[in-house]
file structure_29.cif (mmCIF, C-alpha atoms)
data_target
loop_
_atom_site.label_atom_id
_atom_site.label_comp_id
_atom_site.auth_asym_id
_atom_site.auth_seq_id
_atom_site.Cartn_x
_atom_site.Cartn_y
_atom_site.Cartn_z
CA MET K 19 -23.05 53.83 -41.14
CA ASP K 20 -23.14 51.53 -38.09
CA HIS K 21 -22.92 53.56 -34.87
CA THR K 22 -22.64 50.56 -32.55
CA GLY K 23 -19.95 50.91 -29.90
CA ILE K 24 -17.58 48.12 -28.91
CA GLY K 25 -19.45 47.27 -25.71
CA ALA K 26 -22.83 46.82 -27.39
CA LEU K 27 -21.21 44.89 -30.26
CA LEU K 28 -19.52 42.43 -27.91
CA VAL K 29 -22.75 41.89 -25.97
CA ARG K 30 -24.60 41.22 -29.23
CA LEU K 31 -21.97 38.79 -30.56
CA ARG K 32 -21.89 36.93 -27.26
CA THR K 33 -25.67 36.68 -26.76
CA GLU K 34 -26.16 35.52 -30.37
CA ARG K 35 -24.10 32.47 -29.44
CA GLY K 36 -25.73 32.02 -26.05
CA TRP K 37 -22.38 32.30 -24.25
CA THR K 38 -21.53 33.62 -20.83
CA GLN K 39 -18.72 36.13 -20.36
CA GLN K 40 -16.58 33.35 -18.91
CA GLN K 41 -17.15 31.22 -22.01
CA VAL K 42 -15.87 34.07 -24.17
CA ALA K 43 -12.80 34.32 -21.93
CA ASP K 44 -12.27 30.56 -22.15
CA GLU K 45 -12.42 30.69 -25.96
CA CYS K 46 -9.85 33.51 -25.99
CA ASN K 47 -7.58 31.58 -23.64
CA ALA K 48 -7.83 28.45 -25.77
CA LEU K 49 -6.73 30.39 -28.86
CA GLU K 50 -3.99 32.26 -27.03
CA GLY K 51 -2.73 29.14 -25.30
CA ARG K 52 -2.68 30.55 -21.77
CA ALA K 53 -5.04 31.67 -19.01
CA ALA K 54 -4.91 35.32 -19.96
CA LYS K 55 -8.57 36.36 -19.75
CA THR K 56 -11.36 36.09 -17.20
CA GLY K 57 -15.09 36.57 -17.51
CA LYS K 58 -14.79 39.77 -15.51
CA GLU K 59 -12.41 41.23 -18.09
CA ILE K 60 -14.92 40.48 -20.85
CA GLY K 61 -17.50 42.25 -18.70
CA ARG K 62 -15.25 45.31 -18.53
CA TYR K 63 -15.09 45.40 -22.32
CA GLU K 64 -18.87 45.08 -22.59
CA ARG K 65 -19.41 47.95 -20.11
CA GLU K 66 -16.66 49.91 -21.88
CA ALA K 67 -14.89 50.32 -18.55
CA ARG K 68 -11.94 49.24 -20.67
CA ILE K 69 -11.48 49.30 -24.44
CA PRO K 70 -9.85 46.14 -25.85
CA VAL K 71 -6.47 46.94 -27.41
CA PRO K 72 -5.63 45.77 -30.97
CA TYR K 73 -3.89 42.63 -29.68
CA THR K 74 -7.02 41.60 -27.77
CA ARG K 75 -9.33 42.57 -30.63
CA ARG K 76 -7.54 40.11 -32.92
CA TYR K 77 -8.41 37.23 -30.60
CA LEU K 78 -11.97 38.44 -30.04
CA ALA K 79 -12.46 38.56 -33.80
CA LEU K 80 -11.30 34.94 -34.07
CA VAL K 81 -13.56 33.87 -31.23
CA PHE K 82 -16.64 35.48 -32.79
CA ASP K 83 -15.59 34.66 -36.39
CA VAL K 84 -15.83 38.27 -37.57
CA GLU K 85 -13.46 40.66 -39.30
CA VAL K 86 -11.13 42.61 -37.01
CA SER K 87 -12.17 45.75 -38.87
CA LEU K 88 -15.71 45.35 -37.45
CA LEU K 89 -14.32 45.57 -33.93
CA ASP K 90 -11.98 48.40 -34.88
CA ARG K 91 -14.88 50.47 -36.20
CA ALA K 92 -16.87 49.82 -33.01
CA VAL K 93 -13.90 50.96 -30.93
CA ALA K 94 -13.70 54.14 -32.99
CA VAL K 95 -17.40 54.79 -32.31
CA SER K 96 -16.91 54.28 -28.56
CA LYS K 97 -13.87 56.52 -28.45
CA GLY K 98 -15.72 59.15 -30.46
CA LYS K 99 -18.48 59.25 -27.86
CA THR K 100 -16.08 59.73 -24.95
CA GLY K 101 -13.15 61.42 -26.60
CA ARG K 102 -12.19 65.06 -26.32
CA ALA K 103 -13.75 67.39 -28.86
CA ASP K 104 -11.33 68.91 -31.33
CA ALA K 105 -11.05 72.60 -31.99
CA ALA K 106 -13.36 72.48 -35.00
CA GLY K 107 -16.18 71.11 -32.86
CA LEU K 108 -16.02 73.83 -30.21
CA PRO K 109 -18.41 76.76 -30.28
CA GLU K 110 -16.86 79.94 -31.60
CA ILE K 111 -15.90 82.37 -28.87
CA SER K 112 -17.08 85.87 -29.64
CA GLN K 113 -14.32 88.43 -29.95
CA PRO K 114 -14.19 91.35 -27.56
CA ARG K 115 -15.53 94.64 -28.98
CA SER K 116 -12.39 96.47 -28.05
CA PRO K 117 -8.87 95.14 -27.66
CA ALA K 118 -7.85 94.35 -24.13
CA PRO K 119 -4.76 95.99 -22.65
CA THR K 120 -1.48 94.30 -23.62
CA SER K 121 -0.73 93.37 -19.99
CA VAL K 122 -4.06 91.56 -19.65
CA LEU K 123 -3.49 89.68 -22.92
CA GLY K 124 -0.09 88.56 -21.63
CA GLU K 125 -1.63 87.24 -18.43
CA VAL K 126 -4.32 85.37 -20.36
CA SER K 127 -1.69 83.85 -22.64
CA ALA K 128 0.43 82.74 -19.69
CA ASP K 129 -2.63 81.27 -18.04
CA ALA K 130 -3.44 79.25 -21.16
CA SER K 131 0.17 78.04 -21.32
CA SER K 132 -0.16 76.76 -17.77
CA SER K 133 -3.20 74.70 -18.77
CA ALA K 134 -1.38 73.42 -21.84
CA GLU K 135 1.57 72.30 -19.73
CA PHE K 136 -0.73 70.39 -17.40
CA ALA K 137 -2.42 68.73 -20.39
CA LEU K 138 1.02 67.53 -21.50
CA PHE K 139 1.68 66.23 -17.99
CA ILE K 140 -1.55 64.20 -18.13
CA ALA K 141 -0.64 62.80 -21.54
CA GLN K 142 2.75 61.55 -20.32
CA SER K 143 1.73 58.07 -19.17
CA ASN K 144 4.16 55.21 -18.60
CA ALA K 145 1.44 52.53 -18.76
CA ASP K 146 -1.18 52.28 -21.48
CA GLU K 147 -4.00 49.74 -21.63
CA PHE K 148 -1.83 47.22 -23.47
CA VAL K 149 0.77 47.31 -20.66
CA VAL K 150 -1.95 46.83 -18.03
CA GLU K 151 -3.53 43.94 -19.92
CA GLN K 152 -0.18 42.24 -20.43
CA LEU K 153 0.55 42.55 -16.71
CA GLU K 154 -2.79 41.00 -15.82
CA SER K 155 -2.10 38.18 -18.26
CA ASP K 156 1.36 37.53 -16.78
CA VAL K 157 0.03 37.57 -13.22
CA ALA K 158 -2.71 35.09 -14.14
CA ARG K 159 -0.15 32.78 -15.79
CA LEU K 160 2.17 32.89 -12.77
CA ALA K 161 -0.70 32.38 -10.34
CA ARG K 162 -1.86 29.27 -12.16
CA SER K 163 1.63 27.85 -12.65
CA TYR K 164 2.53 28.44 -9.00
CA VAL K 165 0.42 25.58 -7.66
CA SER K 166 1.92 22.91 -9.92
CA HIS K 167 5.46 23.98 -10.83
CA PRO K 168 8.68 23.95 -8.81
CA LEU K 169 8.85 27.10 -6.73
CA MET K 170 12.25 28.31 -7.85
CA GLU K 171 11.21 28.17 -11.52
CA LEU K 172 8.87 31.09 -10.90
CA TYR K 173 10.40 33.11 -8.08
CA VAL K 174 12.70 35.26 -10.23
CA GLU K 175 9.93 36.19 -12.67
CA ILE K 176 7.51 37.02 -9.83
CA ARG K 177 10.08 39.31 -8.23
CA GLN K 178 11.08 41.02 -11.47
CA LEU K 179 7.47 41.59 -12.53
CA ARG K 180 6.56 42.91 -9.07
CA ASP K 181 9.46 45.35 -9.03
CA GLY K 182 8.53 46.47 -12.55
CA VAL K 183 5.00 47.31 -11.40
CA PHE K 184 6.43 49.24 -8.45
CA ARG K 185 8.49 51.32 -10.91
CA LEU K 186 5.42 52.01 -13.05
CA LEU K 187 3.42 53.13 -10.02
CA ARG K 188 6.18 55.59 -9.13
CA GLY K 189 5.64 57.17 -12.54
CA ARG K 190 2.50 58.67 -14.08
CA GLN K 191 -0.56 57.08 -15.59
CA ARG K 192 -4.27 57.70 -15.79
CA PRO K 193 -6.27 57.02 -12.60
CA ARG K 194 -7.98 53.90 -13.96
CA GLN K 195 -4.65 52.42 -15.02
CA THR K 196 -3.14 53.36 -11.67
CA SER K 197 -5.90 51.39 -9.96
CA ASP K 198 -5.28 48.39 -12.23
CA LEU K 199 -1.55 48.57 -11.51
CA TYR K 200 -2.24 48.55 -7.77
CA VAL K 201 -4.31 45.38 -8.27
CA SER K 202 -1.41 43.73 -10.12
CA ALA K 203 1.04 44.92 -7.47
CA SER K 204 -1.17 43.46 -4.74
CA ARG K 205 -1.38 40.09 -6.48
CA LEU K 206 2.37 39.97 -7.12
CA CYS K 207 3.08 40.84 -3.48
CA GLY K 208 0.65 38.09 -2.54
CA LEU K 209 2.58 35.66 -4.73
CA SER K 210 5.81 36.83 -3.09
CA ALA K 211 4.25 36.20 0.32
CA HIS K 212 3.40 32.65 -0.74
CA VAL K 213 6.97 32.10 -1.94
CA CYS K 214 8.24 33.10 1.51
CA LEU K 215 5.60 30.97 3.22
CA ASP K 216 6.65 27.92 1.25
CA LEU K 217 10.30 28.58 2.10
CA GLY K 218 9.58 29.12 5.79
CA HIS K 219 10.52 32.84 5.73
CA TYR K 220 7.49 33.91 7.78
CA ASP K 221 8.65 37.44 8.66
CA SER K 222 9.32 38.19 5.00
CA ALA K 223 5.95 36.68 4.07
CA ALA K 224 4.26 39.03 6.54
CA THR K 225 6.04 42.04 5.00
CA HIS K 226 4.90 41.11 1.48
CA ALA K 227 1.36 40.52 2.78
CA ARG K 228 1.21 43.96 4.40
CA THR K 229 2.29 45.56 1.12
CA ALA K 230 -0.27 43.45 -0.75
CA ARG K 231 -2.96 44.73 1.62
CA ALA K 232 -1.83 48.35 1.16
CA CYS K 233 -1.98 47.99 -2.64
CA ALA K 234 -5.40 46.32 -2.50
CA ALA K 235 -6.66 49.17 -0.29
CA ALA K 236 -5.23 51.76 -2.71
CA ALA K 237 -7.16 50.06 -5.52
CA GLY K 238 -10.30 49.79 -3.38
CA HIS K 239 -10.50 46.08 -4.25
CA GLU K 240 -12.64 44.26 -1.66
CA GLY K 241 -11.98 40.81 -3.10
CA LEU K 242 -8.23 41.25 -2.88
CA LEU K 243 -8.45 42.65 0.64
CA ALA K 244 -10.31 39.49 1.65
CA TRP K 245 -7.75 37.29 -0.12
CA VAL K 246 -4.82 39.04 1.59
CA ARG K 247 -6.47 38.39 4.97
CA ALA K 248 -6.40 34.71 4.00
CA VAL K 249 -2.64 34.94 3.39
CA GLU K 250 -2.13 36.69 6.72
CA SER K 251 -4.19 33.98 8.40
CA LEU K 252 -1.93 31.34 6.83
CA ILE K 253 1.17 33.12 8.14
CA ALA K 254 -0.29 33.25 11.67
CA TYR K 255 -1.27 29.57 11.43
CA TRP K 256 2.19 28.36 10.42
CA THR K 257 3.82 30.46 13.16
CA GLY K 258 1.64 28.80 15.80
CA ARG K 259 -0.71 31.73 16.47
CA TYR K 260 -3.89 29.78 15.88
CA LYS K 261 -6.35 32.14 17.55
CA ARG K 262 -4.84 35.02 15.60
CA ALA K 263 -5.17 32.96 12.40
CA ALA K 264 -8.85 32.37 13.11
CA HIS K 265 -9.39 36.07 13.89
CA LEU K 266 -7.75 37.19 10.63
CA ALA K 267 -9.81 34.73 8.59
CA ARG K 268 -12.98 35.94 10.29
CA ALA K 269 -12.00 39.57 9.60
CA GLY K 270 -11.53 38.75 5.93
CA ARG K 271 -15.06 37.42 5.74
CA GLY K 272 -16.25 40.96 6.50
CA HIS K 273 -15.23 42.15 3.03
CA ARG K 274 -17.72 42.09 0.16
CA ALA K 275 -16.04 39.63 -2.14
CA GLY K 276 -17.19 37.44 -5.01
CA GLY K 277 -15.77 34.14 -6.15
CA SER K 278 -14.50 31.49 -3.73
CA VAL K 279 -12.61 33.63 -1.22
CA SER K 280 -15.38 33.50 1.42
CA ALA K 281 -15.25 29.70 1.39
CA ARG K 282 -11.45 29.88 1.70
CA LEU K 283 -11.63 32.18 4.72
CA ALA K 284 -14.21 30.01 6.48
CA GLY K 285 -12.06 26.93 5.80
CA LEU K 286 -9.01 28.66 7.24
CA GLU K 287 -10.96 29.74 10.31
CA ALA K 288 -12.20 26.19 10.84
CA ARG K 289 -8.71 24.69 10.63
CA ALA K 290 -7.21 27.26 13.01
CA LEU K 291 -10.02 26.90 15.56
CA ALA K 292 -9.66 23.12 15.51
CA ILE K 293 -5.92 23.29 16.23
CA ALA K 294 -6.65 25.86 18.97
CA GLY K 295 -8.97 23.33 20.64
CA ASP K 296 -12.33 24.89 19.73
CA GLY K 297 -13.97 21.89 18.07
CA THR K 298 -17.45 23.39 18.21
CA GLY K 299 -16.35 26.62 16.56
CA ALA K 300 -14.36 24.66 13.97
CA ALA K 301 -17.37 22.54 13.02
CA ALA K 302 -19.51 25.68 12.69
CA ALA K 303 -16.90 27.31 10.45
CA LEU K 304 -16.82 24.19 8.23
CA THR K 305 -20.58 24.58 7.81
CA ASP K 306 -20.02 28.26 6.95
CA ALA K 307 -17.50 27.21 4.29
CA ASP K 308 -20.08 24.92 2.67
CA ARG K 309 -22.69 27.68 2.79
CA ALA K 310 -20.28 30.20 1.31
CA ARG K 311 -19.57 27.80 -1.53
CA GLY K 312 -23.31 27.46 -2.14
CA ARG K 313 -23.77 31.25 -2.17
CA GLU K 314 -20.72 31.84 -4.37
CA HIS K 315 -21.44 34.47 -7.01
CA GLY K 316 -19.19 35.22 -9.95
CA ALA K 317 -15.99 33.51 -10.97
CA ASP K 318 -12.62 34.16 -9.34
CA GLU K 319 -10.87 37.04 -11.09
CA ALA K 320 -7.53 35.22 -11.17
CA PRO K 321 -6.72 31.50 -11.31
CA GLY K 322 -4.34 29.24 -9.42
CA ILE K 323 -3.20 30.51 -6.06
CA PHE K 324 -5.97 33.14 -6.04
CA ALA K 325 -8.76 30.59 -6.47
CA PHE K 326 -10.07 28.10 -3.91
CA PRO K 327 -11.14 24.94 -5.72
CA MET K 328 -13.38 22.32 -4.12
CA ALA K 329 -10.36 20.02 -3.85
CA LYS K 330 -8.62 22.48 -1.53
CA GLN K 331 -11.78 22.95 0.52
CA PHE K 332 -11.91 19.18 1.10
CA ALA K 333 -8.20 19.21 2.00
CA TYR K 334 -8.78 21.90 4.64
CA ALA K 335 -11.79 20.00 5.96
CA GLY K 336 -9.67 16.86 6.32
CA THR K 337 -7.07 18.66 8.44
CA THR K 338 -9.84 20.24 10.52
CA HIS K 339 -11.57 16.95 11.28
CA LEU K 340 -8.26 15.36 12.30
CA ALA K 341 -7.60 18.22 14.71
CA ILE K 342 -11.09 17.99 16.25
CA GLY K 343 -10.45 14.30 16.91
CA GLY K 344 -12.64 11.37 17.83
CA ARG K 345 -13.42 8.36 15.67
CA GLU K 346 -16.27 9.99 13.77
CA HIS K 347 -14.21 13.05 12.85
CA ILE K 348 -11.22 10.87 11.90
CA GLN K 349 -13.42 8.93 9.49
CA GLN K 350 -14.73 12.23 8.08
CA ALA K 351 -11.11 13.41 7.73
CA ILE K 352 -10.21 10.31 5.72
CA ALA K 353 -13.25 10.81 3.45
CA SER K 354 -12.44 14.52 2.93
CA ALA K 355 -8.74 13.98 2.24
CA ASP K 356 -9.53 11.11 -0.14
CA THR K 357 -11.97 13.35 -2.04
CA ALA K 358 -9.34 16.11 -2.23
CA VAL K 359 -6.83 13.68 -3.75
CA ARG K 360 -9.37 12.40 -6.27
CA LEU K 361 -10.42 15.91 -7.34
CA TYR K 362 -6.86 17.14 -7.73
CA ARG K 363 -5.83 14.11 -9.75
CA SER K 364 -8.77 14.59 -12.12
CA ALA K 365 -7.97 18.30 -12.66
CA GLU K 366 -5.90 19.67 -15.52
CA HIS K 367 -2.16 19.39 -14.93
CA ASP K 368 -1.65 23.11 -14.20
CA ASP K 369 -4.45 22.98 -11.60
CA GLN K 370 -3.04 19.99 -9.73
CA SER K 371 -1.64 21.59 -6.60
CA VAL K 372 1.40 19.53 -5.66
CA GLY K 373 1.52 20.93 -2.13
CA ASP K 374 -2.14 20.18 -1.47
CA LEU K 375 -1.76 16.67 -2.87
CA PHE K 376 1.12 16.06 -0.45
CA ALA K 377 -0.86 17.54 2.46
CA ALA K 378 -3.95 15.45 1.70
CA HIS K 379 -1.85 12.26 1.50
CA VAL K 380 -0.21 13.01 4.86
CA ASP K 381 -3.64 13.66 6.41
CA LEU K 382 -4.94 10.43 4.89
CA ALA K 383 -1.99 8.51 6.33
CA ARG K 384 -2.46 10.09 9.75
CA GLY K 385 -6.15 9.20 9.70
CA HIS K 386 -5.36 5.57 8.98
CA LEU K 387 -2.67 5.63 11.64
CA LEU K 388 -5.14 6.92 14.25
CA LEU K 389 -7.44 4.03 13.33
CA ALA K 390 -4.53 1.61 13.94
CA ASP K 391 -4.14 0.84 10.21
CA LEU K 392 -0.36 1.05 9.92
CA ASP K 393 -0.27 -0.84 6.60
CA GLY K 394 -2.74 1.62 5.06
CA ALA K 395 -0.76 4.60 6.36
CA GLU K 396 2.49 3.29 4.91
CA ALA K 397 0.92 2.57 1.51
CA ILE K 398 -0.57 6.08 1.31
CA LEU K 399 2.72 7.74 2.30
CA GLY K 400 4.46 6.12 -0.67
CA PHE K 401 3.26 8.98 -2.89
CA VAL K 402 4.99 11.51 -0.63
CA LEU K 403 8.13 9.57 0.27
CA ASP K 404 8.86 8.76 -3.38
CA ALA K 405 8.61 12.42 -4.44
CA PRO K 406 11.63 14.69 -5.03
CA PRO K 407 12.38 16.43 -1.71
CA GLU K 408 12.91 19.79 -3.46
CA ARG K 409 9.15 19.87 -4.19
CA PHE K 410 8.34 20.04 -0.47
CA SER K 411 7.33 23.33 1.11
CA ALA K 412 8.07 24.23 4.72
CA SER K 413 4.52 23.23 5.68
CA ILE K 414 4.89 19.75 4.18
CA VAL K 415 8.18 19.25 6.02
CA ARG K 416 6.38 20.26 9.22
CA ARG K 417 3.66 17.69 8.54
CA LEU K 418 6.24 14.94 7.97
CA VAL K 419 8.00 15.79 11.22
CA ASP K 420 4.70 15.78 13.14
CA LEU K 421 3.71 12.42 11.66
CA GLY K 422 7.09 11.01 12.62
CA ARG K 423 6.46 12.09 16.20
CA GLU K 424 3.06 10.43 16.06
CA LEU K 425 4.75 7.15 15.17
CA GLY K 426 7.02 7.47 18.20
CA ARG K 427 4.12 7.38 20.66
CA PRO K 428 3.83 4.49 23.15
CA GLN K 429 0.74 2.94 21.52
CA TYR K 430 2.90 1.77 18.62
CA GLY K 431 5.12 -0.07 21.12
CA GLY K 432 8.26 0.34 19.11
CA ALA K 433 6.90 -1.95 16.40
CA GLU K 434 9.46 -2.57 13.69
CA GLN K 435 7.11 -1.36 10.92
CA ALA K 436 6.39 1.86 12.80
CA ALA K 437 10.06 2.45 13.55
CA HIS K 438 11.02 1.89 9.89
CA LEU K 439 8.32 4.28 8.64
CA ARG K 440 9.37 6.86 11.20
CA GLU K 441 12.99 6.66 9.98
CA ARG K 442 11.86 7.17 6.39
CA LEU K 443 9.83 10.23 7.39
CA GLN K 444 12.74 11.69 9.36
CA HIS K 445 15.14 11.04 6.48
CA MET K 446 12.85 12.74 3.95
CA ALA K 447 12.25 15.70 6.27
CA ALA K 448 16.02 16.10 6.69
CA LEU K 449 16.56 16.03 2.92
CA ALA K 450 13.84 18.60 2.29
CA ALA K 451 14.54 20.97 5.20
CA PRO K 452 15.14 23.75 5.36
CA PRO K 453 13.49 24.74 2.07
CA ALA K 454 14.99 28.17 2.70
CA ALA K 455 18.39 26.68 1.92
CA HIS K 456 17.52 27.56 -1.67
CA SER K 457 18.56 31.17 -1.15
CA LEU K 458 16.19 33.94 -2.08
CA GLU K 459 19.19 35.94 -3.26
CA LEU K 460 18.96 34.80 -6.86
CA PRO K 461 20.51 36.58 -9.85
CA LYS K 462 18.56 39.69 -10.75
#

call {"tool": "encode", "arguments": {"input": "structure_29.cif", "output": "structure tokens"}}
result
Amino acid sequence: MDHTGIGALLVRLRTERGWTQQQVADECNALEGRAAKTGKEIGRYEREARIPVPYTRRYLALVFDVEVSLLDRAVAVSKGKTGRADAAGLPEISQPRSPAPTSVLGEVSADASSSAEFALFIAQSNADEFVVEQLESDVARLARSYVSHPLMELYVEIRQLRDGVFRLLRGRQRPRQTSDLYVSASRLCGLSAHVCLDLGHYDSAATHARTARACAAAAGHEGLLAWVRAVESLIAYWTGRYKRAAHLARAGRGHRAGGSVSARLAGLEARALAIAGDGTGAAAALTDADRARGREHGADEAPGIFAFPMAKQFAYAGTTHLAIGGREHIQQAIASADTAVRLYRSAEHDDQSVGDLFAAHVDLARGHLLLADLDGAEAILGFVLDAPPERFSASIVRRLVDLGRELGRPQYGGAEQAAHLRERLQHMAALAAPPAAHSLELPK
């Protein structure tokens, strides 16, 4: 009889094919038709930190082209090694030579009943591994869809799923599942914070971010704690507290985190320092972002809004160079923003961040404007001005307003082309603002 556990079996099947854990996850996702798995989750299965549920085992069997029963038997072996021994396997307890007094026997019986009641309490869990896995899958799907889909398509589901996790956490589950639920709660609160950011509800965004940080701390998740600092830095940035934004980003870099979050935090710090007037510090932080990308270890645990693709790093760099100013930095800004646009357009549809594409186009236009290329600026802005205004976030509206002000400066001398473009920008900003007009009080 084969006594191989599920972890060892999965390692063997994967190494026989020469795959990485992420490749296994990608194969599962391709079969399932959604971004439900990550390489880290496959690693958990291989370490047996988590046992794949039957639903997951069906897809793993398809990926490795083996019978599901092979995986089921391996799971049984693993559970047999860690499971509780049954009564037949316990050593026999010798009987006392003389009967104990009735009162003592009653106390012993009551004591055993107390233990039995607590065992029942432990067994009453409101979240098994399947529930946890499904939550992680749903969060990953929402996180990826968030960057490319209209905001209000996802808001209701984010809120309902978040509130559902809160209800589960108020119940009872095993410690490991509690930790996983806190991770999901943190990510969903982070998504809620981004919703509020995009709608211009900055106080509400800060509240969601604080809860996200509390949940990440409860789970002891360093990567999420770093990511939440990035969200808090964004909130400070868009409320005009640039030094605070830089400080929060720098604080986030103190967490031990894998994936791309360190590059994100350095990019945020650079942008905030540049706006605050610290060009030297901003340039140094941009260098740190490049170094962090080079030292990046491990894939991001969740996609979409939780990842920091190279395209976004170039977009942040473009904004930073514009804020530092000077012809050389303006030219670097144009090159960075142009690279961001190219990378986003070549990405899969669900990974094409609409907001970042808008932001990069506005930065490109502003760069051309600062180099006195009004024709180039107007041509670039066509992508933004022809878009549906309901796709604009509060930050994009702010950028349009700022660019309109730029066109009103004396150096443009009231030129008819500049005045016309300014009117178009003002008109679009008026149509799109305030994004918060789409009330958050949606049907529950």

call {"tool": "closest_residue", "arguments": {"input": "structure_29.cif", "among": "K:Glu314, K:Asp156, K:Asp356, K:Asp369", "to": "K:Ile398", "atoms": "only C-alpha atoms"}}
result
K:Asp356

call {"tool": "atom_distance", "arguments": {"input": "structure_29.cif", "atom1": "atom CA of K:His167", "atom2": "atom CA of K:Ala405"}}
result
13.6 Å

call {"tool": "atom_distance", "arguments": {"input": "structure_29.cif", "atom1": "atom CA of K:Ala448", "atom2": "atom CA of K:Phe410"}}
result
11.2 Å

call {"tool": "resolve_selection", "arguments": {"input": "structure_29.cif", "expression": "the PyMOL selection byres ((chain K and resi 72) around 10)", "output": "compact mmCIF listing (two decimals) with C-alpha atoms, keeping the file's coordinate frame"}}
result
# COMPACT_ATOMS: atom_id res chain seq x y z
CA ILE K 69 -11.48 49.30 -24.44
CA PRO K 70 -9.85 46.14 -25.85
CA VAL K 71 -6.47 46.94 -27.41
CA TYR K 73 -3.89 42.63 -29.68
CA THR K 74 -7.02 41.60 -27.77
CA ARG K 75 -9.33 42.57 -30.63
CA ARG K 76 -7.54 40.11 -32.92
CA TYR K 77 -8.41 37.23 -30.60
CA LEU K 78 -11.97 38.44 -30.04
CA VAL K 86 -11.13 42.61 -37.01
CA LEU K 89 -14.32 45.57 -33.93
CA ASP K 90 -11.98 48.40 -34.88
CA VAL K 93 -13.90 50.96 -30.93
CA PHE K 148 -1.83 47.22 -23.47

call {"tool": "residues_around", "arguments": {"input": "structure_29.cif", "residues": "K:Leu199", "least_positions_apart": "3", "cutoff": "10 Å", "atoms": "only C-alpha atoms", "output": "PyMOL selection string"}}
result
chain K and resi 145+149-151+153-154+183-184+186-187+191+193-196+202-205+233+237

call {"tool": "closest_residue", "arguments": {"input": "structure_29.cif", "among": "K:Thr338, K:Ser222, K:Ser210, K:Thr22", "to": "K:Lys97", "atoms": "only C-alpha atoms"}}
result
K:Thr22

call {"tool": "atom_distance", "arguments": {"input": "structure_29.cif", "atom1": "atom CA of K:Ala397", "atom2": "atom CA of K:Phe332"}}
result
21.0 Å

call {"tool": "residues_around", "arguments": {"input": "structure_29.cif", "residues": "stretch 25-32 of chain K", "least_positions_apart": "6", "cutoff": "6 Å", "atoms": "only C-alpha atoms", "output": "VMD selection string"}}
result
chain K and resid 63 to 66

call {"tool": "closest_residue", "arguments": {"input": "structure_29.cif", "among": "K:Ala236, K:Ala288, K:Val372, K:Ala211", "to": "K:Ala224", "atoms": "only C-alpha atoms"}}
result
K:Ala211

call {"tool": "resolve_selection", "arguments": {"input": "structure_29.cif", "expression": "the PyMOL selection byres ((chain K and resi 36-51) around 7)", "output": "list of chain:residue names"}}
result
K:Arg32, K:Thr33, K:Glu34, K:Arg35, K:Arg52, K:Ala53, K:Ala54, K:Lys55, K:Thr56, K:Gly57, K:Ile60, K:Gly61, K:Tyr77, K:Leu78, K:Val81

call {"tool": "residues_near_point", "arguments": {"input": "structure_29.cif", "point": "(-12.9, 44.7, -2.0)", "cutoff": "12 Å", "atoms": "all atoms listed in the file", "output": "short mmCIF file (atom, residue, chain, number, x, y, z; two decimals) with C-alpha atoms, in the coordinates of the input"}}
result
data_model
loop_
_atom_site.label_atom_id
_atom_site.label_comp_id
_atom_site.auth_asym_id
_atom_site.auth_seq_id
_atom_site.Cartn_x
_atom_site.Cartn_y
_atom_site.Cartn_z
CA VAL K 201 -4.31 45.38 -8.27
CA ARG K 231 -2.96 44.73 1.62
CA CYS K 233 -1.98 47.99 -2.64
CA ALA K 234 -5.40 46.32 -2.50
CA ALA K 235 -6.66 49.17 -0.29
CA ALA K 236 -5.23 51.76 -2.71
CA ALA K 237 -7.16 50.06 -5.52
CA GLY K 238 -10.30 49.79 -3.38
CA HIS K 239 -10.50 46.08 -4.25
CA GLU K 240 -12.64 44.26 -1.66
CA GLY K 241 -11.98 40.81 -3.10
CA LEU K 242 -8.23 41.25 -2.88
CA LEU K 243 -8.45 42.65 0.64
CA ALA K 244 -10.31 39.49 1.65
CA TRP K 245 -7.75 37.29 -0.12
CA VAL K 246 -4.82 39.04 1.59
CA ARG K 247 -6.47 38.39 4.97
CA GLY K 270 -11.53 38.75 5.93
CA ARG K 271 -15.06 37.42 5.74
CA GLY K 272 -16.25 40.96 6.50
CA HIS K 273 -15.23 42.15 3.03
CA ARG K 274 -17.72 42.09 0.16
CA ALA K 275 -16.04 39.63 -2.14
CA GLY K 276 -17.19 37.44 -5.01
CA GLY K 277 -15.77 34.14 -6.15
CA VAL K 279 -12.61 33.63 -1.22
CA SER K 280 -15.38 33.50 1.42
#

call {"tool": "resolve_selection", "arguments": {"input": "structure_29.cif", "expression": "the PyMOL selection byres ((chain K and resi 415-422) around 6)", "output": "VMD selection string"}}
result
chain K and resid 412 to 414 423 to 425 440 443 447

call {"tool": "write_last_selection", "arguments": {"input": "structure_29.cif", "atoms": "C-alpha atoms", "output": "JSON list (two decimals), in the coordinates of the input"}}
result
[["chain", "number", "residue", "atom", "x", "y", "z"],
["K", 412, "ALA", "CA", 8.07, 24.23, 4.72],
["K", 413, "SER", "CA", 4.52, 23.23, 5.68],
["K", 414, "ILE", "CA", 4.89, 19.75, 4.18],
["K", 423, "ARG", "CA", 6.46, 12.09, 16.20],
["K", 424, "GLU", "CA", 3.06, 10.43, 16.06],
["K", 425, "LEU", "CA", 4.75, 7.15, 15.17],
["K", 440, "ARG", "CA", 9.37, 6.86, 11.20],
["K", 443, "LEU", "CA", 9.83, 10.23, 7.39],
["K", 447, "ALA", "CA", 12.25, 15.70, 6.27]]

call {"tool": "closest_residue", "arguments": {"input": "structure_29.cif", "among": "K:Asp308, K:Ser411, K:Glu85, K:Gln178", "to": "K:Cys214", "atoms": "all atoms listed in the file"}}
result
K:Ser411
